[in-house]
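Taking it in order: structure first as structure tokens, then the write-up.
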Amino acid sequence: MISNSSASRHSEAAFESVIEEHLLAHGYVRVNSQFDRTRAIFPDEAINFIRTTQPKEWAKLEALHGENTATQILTDLCKWMDAYGSLHTLRHGFKCYGRTLRIAYFKAAHGLNPGLEARYATNCVGITRQLHYSDRDPAKSLDVTLSLNGIPIATLELKNPLTGQTFENAKQQYRKDRDPREPVFEFKRRTLVHFAVDTEEVWMTTRLASDATHFLPFNQGCEGGAGNPSDPNGRTYRTAYLWEEVLQRDSLLDLLARFLHLQIEEKHDDDGRKFKKESMIFPRYHQLQAVRRLTDAARREGVGHNYLIEHSAGSGKSNTIGWLTHRLASLHDDQDRRVFDSVIVITDRRVLDQQLQDTIYQFEHRQGVVQKIDEDSRQLAQALESAVPIIITTLQKFPFVSRQLLKLTEERNEQGRGVLPTRRCAVIIDEAHSSQSGETATELKGILGGEDLQEEARKRAQEEGLENQEELFRSMAKRARQANLSFFAFTATPKHKTLKVFSDNGKPFHRYTMRQAIEEGFIMDVLHNYTTYKSYYQLIKACKNDPNVERKNAARALARFMRLHPHNIAQKTEVMVEHFNTFSRHKIGGRAKAMVVTGSRLEAVRYKQSFDKYIKEKGYPIKTLVAFSGVVTDDKIKDKTYSEEAMNQGIRERELPERFATNEYQVLLVAEKYQTGFDQPLLHTMYVDRRLAGIQAVQTLSRLNRTHPQKEDTFVLDFINDREEIREAFQQFYEGAEIGEEAKPEQLYQLQAELDAQGIYLQEEIEYFCQIYFKPKQRQSVSDHQAMNAALDPAVDRFRSLYADNPEEAEVWRRKVAAFRNLYSFLSQIIPYQDSDLERLYIFLRHLSPKLPRHKNEAQYDFDSDIQLEYYRLQKISEGSIVLRKGYSQPLDGPKAVGTGVVRESPVKLSQLIDTINSRFGTDFNQADQLFFDQIVEAAANSEELQQAAQVNSADKFALLFNQMLESLFVERVDQNETIFARYMNDRDFQKVVSDWLVSEVYQRLIGNKPPTMK
């Protein structure tokens, strides 16, 4: 051993000394006793611990074995660890001649048992430097070994960059010089984790496997990316957190007691055969930090608070939720009172269901702690009523729970109204998104609010003299935060609503960014290889007449005609299949898979047929599957329908992911399925033929980001989307989402006044409807449905009359109704409104909206016999990486009460509309050019962002935002008028004239004034 005094200031020995001195000063002891290399144990420490802490058991065993007692105990201890693993043995003890002996004591969740505290204090957490561990090669040693009561549990190989060696050299040392067959390294039987450490970074592994050893980064993250920050005081190493925080005595014992677990996964080999894979899971730094910070906050703050956890894909969210669930279920405050009666996990993932149960059983080692709600809402009601410690369910079951609670009380002949006793609940939401801030989530809060919520509603009803409308005030109260509920919401892509509803300050409680996950290698950068194609085509009118058509609906029909045209699908099919066969198929050791994202269910059907036909003609070794919901009717073939199962030769929906994972299938064509929550590491390539934007773009393309040992890259081929729009979508979440412009509460009252002023409904109609709707449950009857409909009908008739006289004004009013509903649903969760009039209006409008007649003029066009495709060209227009910027955030804006205007539709000749799409214009302004610019105006006027900006900005400020967007509007239409596009991009004078006119046209249109004439 190298002594501290002789260690050079720049040597690894000096690094060892710093770590050793800190640990010894904080509860560790130096262990230099004889190490049994064959058994991989410090026998003296193990025996001393058992003899000291369990004298009665020792005495009884000594009566049997005499002077051989220590030898027998050590033999049984090592056999037990060899059979069940050291972690299991440390937690649950081992058997020796019928006696259960403990080799460690862990901290209780509360301080109600002083005896447990005393036993916990007896643990001997040891550090050994330069441990010679091998009988085969006695010269080999480990830099630092940590042990618990004689059981080695962790090793560290240290490197000092000042000597020219880094953590990479330490990783190689573990791979090349540490034989995994040595007893001290045998998987799960002795040491449980190994750290490769230098002064800058930490990496770790839980299984040594020679060259196949896989290390994970164990770093804090730095400025949104990977690595570690420097010490702000400039006094210690970047990696000091490892020994000062993570390996600190209480922390290490806590890790062993409540974090490490043996994960057993069911996998499939290349031939589809199932096998089980064991992995020792040690938390990554961000997981450990998130769970501990959340439990500390819940202990300190108590129940009634919300926490948002923004963890990127690749963060290991399932394990984080498992650890958090277990800790919250046993959490006690500083007065040793239990914080939560139940922990409710809201998830739709079956994998998480089973993983949670398996993980928590390892900690608790007893059944009944976790109940999975896999039957119906009655099962959920019974679990809630019984306060089962951990309940796993879906959000969709909650709207039906109150009915089941009422039935339960009636079955027991009890007096009651189906209300839960008030329970203190922690609600963990797996993948929080906007639906969890809607009516279903409100129902959840109403159920879990229990008797306290009911009592609050009763008091409010009495205060306002409306005792018969207690349910109205209960409906108001359940929208707000409940004092007995804490929400822990996990998401990788939070929306503005998510940030506001589940956080106190619009910021996540804990964050692990997409950038850090990519830089640490936990997910792939799906934008690294991104190729875009563009379709250039020309349509001609084939019919004799030239009917008037609505511009917007006819344009939509023409686009559909083009997307479903056999030539379009055939050309894109050829590009995709040839690319996959030539390039992608050979990736990941020849096992790579691809996903084709289509724009509709009918497109998925057509592409499936086209793919299979082309593949068969070419004789390629490729097989496809298709995924879409329901039954698709092909309007070109009478009475012909398609289902997913039939097109996949009988493979059922729930079997599809498993079958796609086998070597039999390579390509999956999807329409609105498998674009979220689908994890397939072999997915390498995505072909996109669908418009994507915002969160949807991130979630869809992120299906490619799962890693695989042989997966070196990914590839996206996009036929539809603009690279800049994709970049902006990802940029919002690259280094964490930031909240942008927020909704203002006064907008709600402004909207209410505008809706009232139209005279569509009367206040007495709202009152009458709500009297029926909010009847106490015991007074409700089947005739209520008829009465509520009758109460809505006068408003429906008035709306119909308005529509007949002024359809545009009617559409404006309809949009204001939608804006009010969205705004109230959102704001009522973050602002404790005391205004029952708003609640009544919200409930009334929520039921009125579906009854309002729709736009009668929504003309449907079928141009198949009227239009012909004269010219078609598919051309690659860009390839390469889409680079996301560091240190730049794209804020998420909240809901607004604006954008309720209606764009005036004017009939145009079909020939003019086709000219707008196809013609190549000159640079002199003429009628055709005017139609080109009309398209720019249409697109701009339909932009929600511009609609909002026009309502709250002057013309000058509006122009600043408009000009930022104008270039992208021209780029999108480059194929429609290349001459004007080129002149606009290159001629500054021309650009200014066009920009000034367009901004005036769009602004005047959005604020409702008559537009000027273009000069």
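Ordered as shown in the structure tokens, chains take letters A, B, and onward, while each chain numbers its residues from 1 and ligands are numbered from 1 in the order shown.
If you count only C-alpha atoms and ignore residues fewer than 5 places along the chain from region 384-394 of chain A, what sits within 7 Å of it is Ala329, Asp341, Ser342, Val343, Ile344, Val345, Ile346, Thr347, Asp348, Asp353, Val369, Val370, Gln371, Lys372, Ile373 and Leu420 of chain A.
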Find the residues near Lys775 (chain A): any atom within 10 Å, counting only C-alpha atoms, skip ones fewer than 6 places away on the same chain, and give them as number ranges by chain.
-> A: 468-472, 781, 784
Restricting to only C-alpha atoms, whichever of A:Ala63, A:Ile428, A:Ala25, A:Ala313 is closest to Gly677 (chain A) is A:Ala313
Which residue, A:Val291, A:Met562, A:Ala693, A:Val605, has the smallest gap to Arg511 (chain A) when you use only C-alpha atoms?
-> A:Val291
May I have the residues within 9 Å of region 95-111 of chain A as an MDAnalysis selection string, using only C-alpha atoms and disregarding those fewer than 4 positions away in the same chain?
-> chainID A and resid 46 49:50 53:54 57:58 60:61 72:73 76:77 80 89:91 116:117 119:124 148:151 250 253:254 256:257 327 330:338
Taking N, CA and C atoms for each residue, export the selection above as a compact mmCIF listing (two decimals), in the first residue's frame.
# COMPACT_ATOMS: atom_id res chain seq x y z
N ALA A 46 -17.47 -9.89 9.34
CA ALA A 46 -18.78 -10.54 9.28
C ALA A 46 -19.11 -11.24 10.60
N PHE A 49 -19.74 -8.77 13.51
CA PHE A 49 -21.05 -8.12 13.42
C PHE A 49 -22.14 -9.05 13.93
N ILE A 50 -22.16 -10.30 13.49
CA ILE A 50 -23.21 -11.24 13.89
C ILE A 50 -23.13 -11.54 15.38
N THR A 53 -24.29 -8.26 17.37
CA THR A 53 -25.67 -7.78 17.24
C THR A 53 -26.72 -8.85 17.51
N GLN A 54 -26.35 -10.12 17.48
CA GLN A 54 -27.33 -11.19 17.65
C GLN A 54 -26.80 -12.24 18.64
N GLU A 57 -28.93 -15.67 19.16
CA GLU A 57 -28.81 -16.63 18.07
C GLU A 57 -27.41 -17.25 18.08
N TRP A 58 -26.42 -16.41 18.34
CA TRP A 58 -25.04 -16.92 18.38
C TRP A 58 -24.91 -17.98 19.47
N LYS A 60 -27.17 -19.94 20.77
CA LYS A 60 -27.86 -21.18 20.44
C LYS A 60 -27.09 -21.98 19.39
N LEU A 61 -26.49 -21.28 18.44
CA LEU A 61 -25.69 -21.98 17.42
C LEU A 61 -24.40 -22.50 18.03
N GLN A 72 -19.05 -22.44 10.60
CA GLN A 72 -20.35 -22.86 10.07
C GLN A 72 -21.17 -21.67 9.58
N ILE A 73 -21.14 -20.61 10.36
CA ILE A 73 -21.91 -19.41 9.98
C ILE A 73 -21.37 -18.83 8.68
N ASP A 76 -22.45 -21.03 5.72
CA ASP A 76 -23.85 -20.86 5.33
C ASP A 76 -24.10 -19.48 4.73
N LEU A 77 -23.42 -18.47 5.28
CA LEU A 77 -23.57 -17.12 4.74
C LEU A 77 -23.14 -17.07 3.28
N TRP A 80 -25.47 -18.96 0.99
CA TRP A 80 -26.71 -18.20 0.79
C TRP A 80 -26.49 -17.09 -0.25
N THR A 89 -29.37 -11.17 0.50
CA THR A 89 -28.89 -11.60 1.82
C THR A 89 -28.73 -10.41 2.76
N LEU A 90 -28.20 -9.31 2.25
CA LEU A 90 -28.07 -8.11 3.08
C LEU A 90 -29.43 -7.61 3.55
N ARG A 91 -30.42 -7.71 2.72
CA ARG A 91 -31.75 -7.19 3.07
C ARG A 91 -32.53 -8.12 3.98
N LEU A 116 -34.60 -0.48 16.45
CA LEU A 116 -34.16 -0.53 15.07
C LEU A 116 -33.09 0.52 14.80
N GLU A 117 -33.26 1.70 15.39
CA GLU A 117 -32.26 2.76 15.24
C GLU A 117 -30.92 2.31 15.81
N ARG A 119 -29.80 -0.76 16.19
CA ARG A 119 -29.21 -1.80 15.32
C ARG A 119 -28.60 -1.19 14.06
N TYR A 120 -29.32 -0.20 13.50
CA TYR A 120 -28.81 0.46 12.30
C TYR A 120 -27.43 1.07 12.57
N ALA A 121 -27.25 1.61 13.75
CA ALA A 121 -25.98 2.26 14.10
C ALA A 121 -24.83 1.27 14.20
N THR A 122 -25.14 -0.02 14.35
CA THR A 122 -24.07 -1.01 14.50
C THR A 122 -23.42 -1.42 13.18
N ASN A 123 -24.01 -1.03 12.05
CA ASN A 123 -23.42 -1.40 10.76
C ASN A 123 -22.00 -0.87 10.64
N CYS A 124 -21.15 -1.71 10.11
CA CYS A 124 -19.75 -1.32 9.87
C CYS A 124 -19.55 -1.14 8.38
N LEU A 148 -19.72 -3.75 3.60
CA LEU A 148 -20.70 -3.60 4.66
C LEU A 148 -20.67 -4.86 5.52
N ASN A 149 -20.19 -4.70 6.74
CA ASN A 149 -20.10 -5.81 7.69
C ASN A 149 -19.36 -7.01 7.09
N GLY A 150 -18.30 -6.69 6.36
CA GLY A 150 -17.44 -7.73 5.80
C GLY A 150 -17.81 -8.17 4.40
N ILE A 151 -18.96 -7.73 3.89
CA ILE A 151 -19.39 -8.12 2.53
C ILE A 151 -18.95 -7.03 1.56
N ASP A 250 -24.90 7.03 5.20
CA ASP A 250 -26.35 6.82 5.19
C ASP A 250 -26.88 6.66 3.77
N LEU A 253 -26.12 3.06 2.53
CA LEU A 253 -27.04 2.09 3.15
C LEU A 253 -28.44 2.24 2.58
N ASP A 254 -28.86 3.45 2.29
CA ASP A 254 -30.16 3.69 1.68
C ASP A 254 -30.23 3.11 0.27
N LEU A 256 -28.61 0.51 -0.81
CA LEU A 256 -28.72 -0.94 -0.67
C LEU A 256 -30.12 -1.35 -0.22
N ALA A 257 -30.72 -0.54 0.63
CA ALA A 257 -32.02 -0.91 1.19
C ALA A 257 -33.16 -0.65 0.23
N ARG A 327 -41.09 4.57 -2.01
CA ARG A 327 -40.69 5.46 -0.92
C ARG A 327 -41.88 6.29 -0.42
N SER A 330 -44.19 4.47 2.02
CA SER A 330 -43.72 4.26 3.39
C SER A 330 -43.20 5.56 4.03
N LEU A 331 -43.51 6.70 3.42
CA LEU A 331 -42.95 7.96 3.87
C LEU A 331 -43.61 8.45 5.16
N HIS A 332 -42.78 8.86 6.13
CA HIS A 332 -43.25 9.44 7.38
C HIS A 332 -42.63 10.83 7.54
N ASP A 333 -43.36 11.71 8.19
CA ASP A 333 -42.84 13.06 8.39
C ASP A 333 -41.95 13.11 9.64
N ASP A 334 -41.54 14.31 10.02
CA ASP A 334 -40.61 14.46 11.14
C ASP A 334 -41.24 14.08 12.47
N GLN A 335 -42.56 14.03 12.52
CA GLN A 335 -43.24 13.58 13.74
C GLN A 335 -43.63 12.10 13.65
N ASP A 336 -43.02 11.39 12.69
CA ASP A 336 -43.25 9.96 12.49
C ASP A 336 -44.70 9.63 12.15
N ARG A 337 -45.38 10.58 11.49
CA ARG A 337 -46.72 10.32 10.99
C ARG A 337 -46.63 9.97 9.50
N ARG A 338 -47.45 9.00 9.11
CA ARG A 338 -47.45 8.61 7.71
C ARG A 338 -47.98 9.76 6.85
Contacts of region 142-145 of chain A at 10 Å or less, counting only C-alpha atoms, minus same-chain residues fewer than 5 places along, as a list in words?
-> Met1, Glu12, Ala13, Glu16, Ile19, Glu20, Val31, Gly126, Ile127, Thr128, Arg129, Gln130, Leu131, His132, Tyr133, Pro152, Ile153, Ala154, Thr155, Leu156, Glu157, Leu158, Lys159, Tyr174, Arg178, Thr191, His194 and Phe195 of chain A
Contacts of Met576 (chain A) at 10 Å or less, counting only C-alpha atoms, minus same-chain residues fewer than 5 places along, as an mmCIF file with N, CA and C atoms, in the first residue's frame?
data_model
loop_
_atom_site.group_PDB
_atom_site.id
_atom_site.type_symbol
_atom_site.label_atom_id
_atom_site.label_comp_id
_atom_site.auth_asym_id
_atom_site.auth_seq_id
_atom_site.Cartn_x
_atom_site.Cartn_y
_atom_site.Cartn_z
ATOM 1 N N ALA A 570 -46.937 4.897 -55.602
ATOM 2 C CA ALA A 570 -45.982 3.980 -56.222
ATOM 3 C C ALA A 570 -44.572 4.561 -56.232
ATOM 4 N N GLN A 571 -44.457 5.851 -56.559
ATOM 5 C CA GLN A 571 -43.130 6.485 -56.608
ATOM 6 C C GLN A 571 -42.492 6.525 -55.225
ATOM 7 N N ASN A 581 -33.931 -1.537 -48.570
ATOM 8 C CA ASN A 581 -33.242 -2.751 -49.006
ATOM 9 C C ASN A 581 -31.745 -2.502 -49.211
ATOM 10 N N THR A 582 -31.397 -1.335 -49.708
ATOM 11 C CA THR A 582 -29.995 -1.048 -50.027
ATOM 12 C C THR A 582 -29.207 -0.615 -48.803
ATOM 13 N N ALA A 594 -37.890 -0.602 -39.936
ATOM 14 C CA ALA A 594 -38.319 0.731 -40.356
ATOM 15 C C ALA A 594 -39.795 0.926 -40.047
ATOM 16 N N VAL A 596 -43.104 3.380 -41.364
ATOM 17 C CA VAL A 596 -43.644 4.322 -42.344
ATOM 18 C C VAL A 596 -44.823 5.026 -41.700
ATOM 19 N N PHE A 611 -46.509 -1.581 -51.017
ATOM 20 C CA PHE A 611 -45.259 -2.165 -50.521
ATOM 21 C C PHE A 611 -45.185 -3.649 -50.846
ATOM 22 N N THR A 685 -34.952 3.258 -39.067
ATOM 23 C CA THR A 685 -35.322 4.199 -40.134
ATOM 24 C C THR A 685 -36.794 4.557 -40.031
ATOM 25 N N MET A 686 -37.096 5.831 -40.306
ATOM 26 C CA MET A 686 -38.490 6.255 -40.357
ATOM 27 C C MET A 686 -38.733 7.000 -41.670
ATOM 28 N N TYR A 687 -39.794 6.598 -42.368
ATOM 29 C CA TYR A 687 -40.230 7.275 -43.578
ATOM 30 C C TYR A 687 -41.509 8.043 -43.232
ATOM 31 N N VAL A 688 -41.481 9.349 -43.391
ATOM 32 C CA VAL A 688 -42.573 10.205 -42.935
ATOM 33 C C VAL A 688 -43.331 10.769 -44.134
ATOM 34 N N LEU A 717 -36.370 9.809 -43.522
ATOM 35 C CA LEU A 717 -36.649 10.294 -44.871
ATOM 36 C C LEU A 717 -38.049 10.889 -44.829
#
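Neighbouring residues of Tyr773 (chain A) at 9 Å or closer, counting only C-alpha atoms and skipping chain neighbours under 3 positions away, are Glu471, Leu472, Tyr768, Phe769, Cys770, Pro776, Gln780, Asp784, His785, Met788 and Ile843 of chain A.
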DSSP strand (DSSP E or B) residues within region 140-324 of chain A, as a ChimeraX atom specification | /A:141-148,151-158,193-197,202-205,209,211,216-217,222,225,261-268,274-281,306-311
Go ahead and write the selection's residues with C-alpha atoms as a short mmCIF file (atom, residue, chain, number, x, y, z; two decimals), in the first residue's frame.
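Dumped to part_37.cif:
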data_model
loop_
_atom_site.label_atom_id
_atom_site.label_comp_id
_atom_site.auth_asym_id
_atom_site.auth_seq_id
_atom_site.Cartn_x
_atom_site.Cartn_y
_atom_site.Cartn_z
CA SER A 141 -5.36 -5.15 -6.47
CA LEU A 142 -8.34 -2.80 -6.49
CA ASP A 143 -7.80 0.89 -5.79
CA VAL A 144 -10.76 1.22 -3.40
CA THR A 145 -13.20 -1.39 -2.10
CA LEU A 146 -16.24 -0.56 0.02
CA SER A 147 -17.78 -3.19 2.27
CA LEU A 148 -20.70 -3.60 4.66
CA ILE A 151 -19.39 -8.12 2.53
CA PRO A 152 -17.68 -6.29 -0.38
CA ILE A 153 -20.32 -4.24 -2.17
CA ALA A 154 -18.58 -1.67 -4.39
CA THR A 155 -15.22 -1.09 -6.08
CA LEU A 156 -13.59 2.05 -7.51
CA GLU A 157 -10.78 2.34 -10.02
CA LEU A 158 -9.33 5.84 -9.83
CA VAL A 193 -21.40 -1.93 -8.52
CA HIS A 194 -18.08 -0.79 -9.97
CA PHE A 195 -17.07 2.84 -10.56
CA ALA A 196 -14.54 4.16 -13.08
CA VAL A 197 -13.59 7.55 -11.67
CA VAL A 202 -17.79 9.01 -13.13
CA TRP A 203 -18.98 5.91 -14.97
CA MET A 204 -20.38 2.73 -13.46
CA THR A 205 -21.37 -0.84 -14.21
CA ALA A 209 -18.11 -9.22 -18.55
CA ASP A 211 -14.77 -6.77 -23.27
CA LEU A 216 -23.20 3.93 -17.84
CA PRO A 217 -22.38 7.56 -17.07
CA CYS A 222 -23.72 20.37 -16.79
CA GLY A 225 -25.81 18.62 -21.24
CA HIS A 261 -32.79 -4.23 -7.35
CA LEU A 262 -32.47 -7.26 -9.55
CA GLN A 263 -34.53 -6.68 -12.69
CA ILE A 264 -35.69 -9.79 -14.55
CA GLU A 265 -36.91 -9.11 -18.08
CA GLU A 266 -38.50 -11.48 -20.56
CA LYS A 267 -36.68 -11.12 -23.88
CA HIS A 268 -36.77 -12.80 -27.28
CA LYS A 274 -38.32 -16.28 -24.92
CA PHE A 275 -35.57 -16.09 -22.33
CA LYS A 276 -35.05 -14.23 -19.08
CA LYS A 277 -32.36 -11.61 -18.62
CA GLU A 278 -31.15 -10.55 -15.18
CA SER A 279 -29.79 -7.05 -14.59
CA MET A 280 -28.66 -5.42 -11.37
CA ILE A 281 -30.13 -1.92 -11.45
CA ASN A 306 -47.80 19.25 -7.13
CA TYR A 307 -44.45 18.27 -8.66
CA LEU A 308 -43.57 18.06 -12.35
CA ILE A 309 -40.67 15.82 -13.37
CA GLU A 310 -39.43 16.59 -16.90
CA HIS A 311 -37.32 13.56 -17.77
#
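The smallest atom-to-atom distance between Gly736 (chain A) and any of A:Asn953, A:Thr513, A:Thr714, A:Thr442, using only C-alpha atoms, is found for A:Thr513.
Proximity to Ser825 (chain A) was assessed for A:Glu617, A:Glu658, A:Glu464, A:Glu839 counting only C-alpha atoms; the smallest distance is recorded for A:Glu839.
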So which one's closest to Phe218 (chain A), A:Asp177, A:Asp525, A:Glu520, A:Asp837? Using only C-alpha atoms, please.
-> A:Glu520
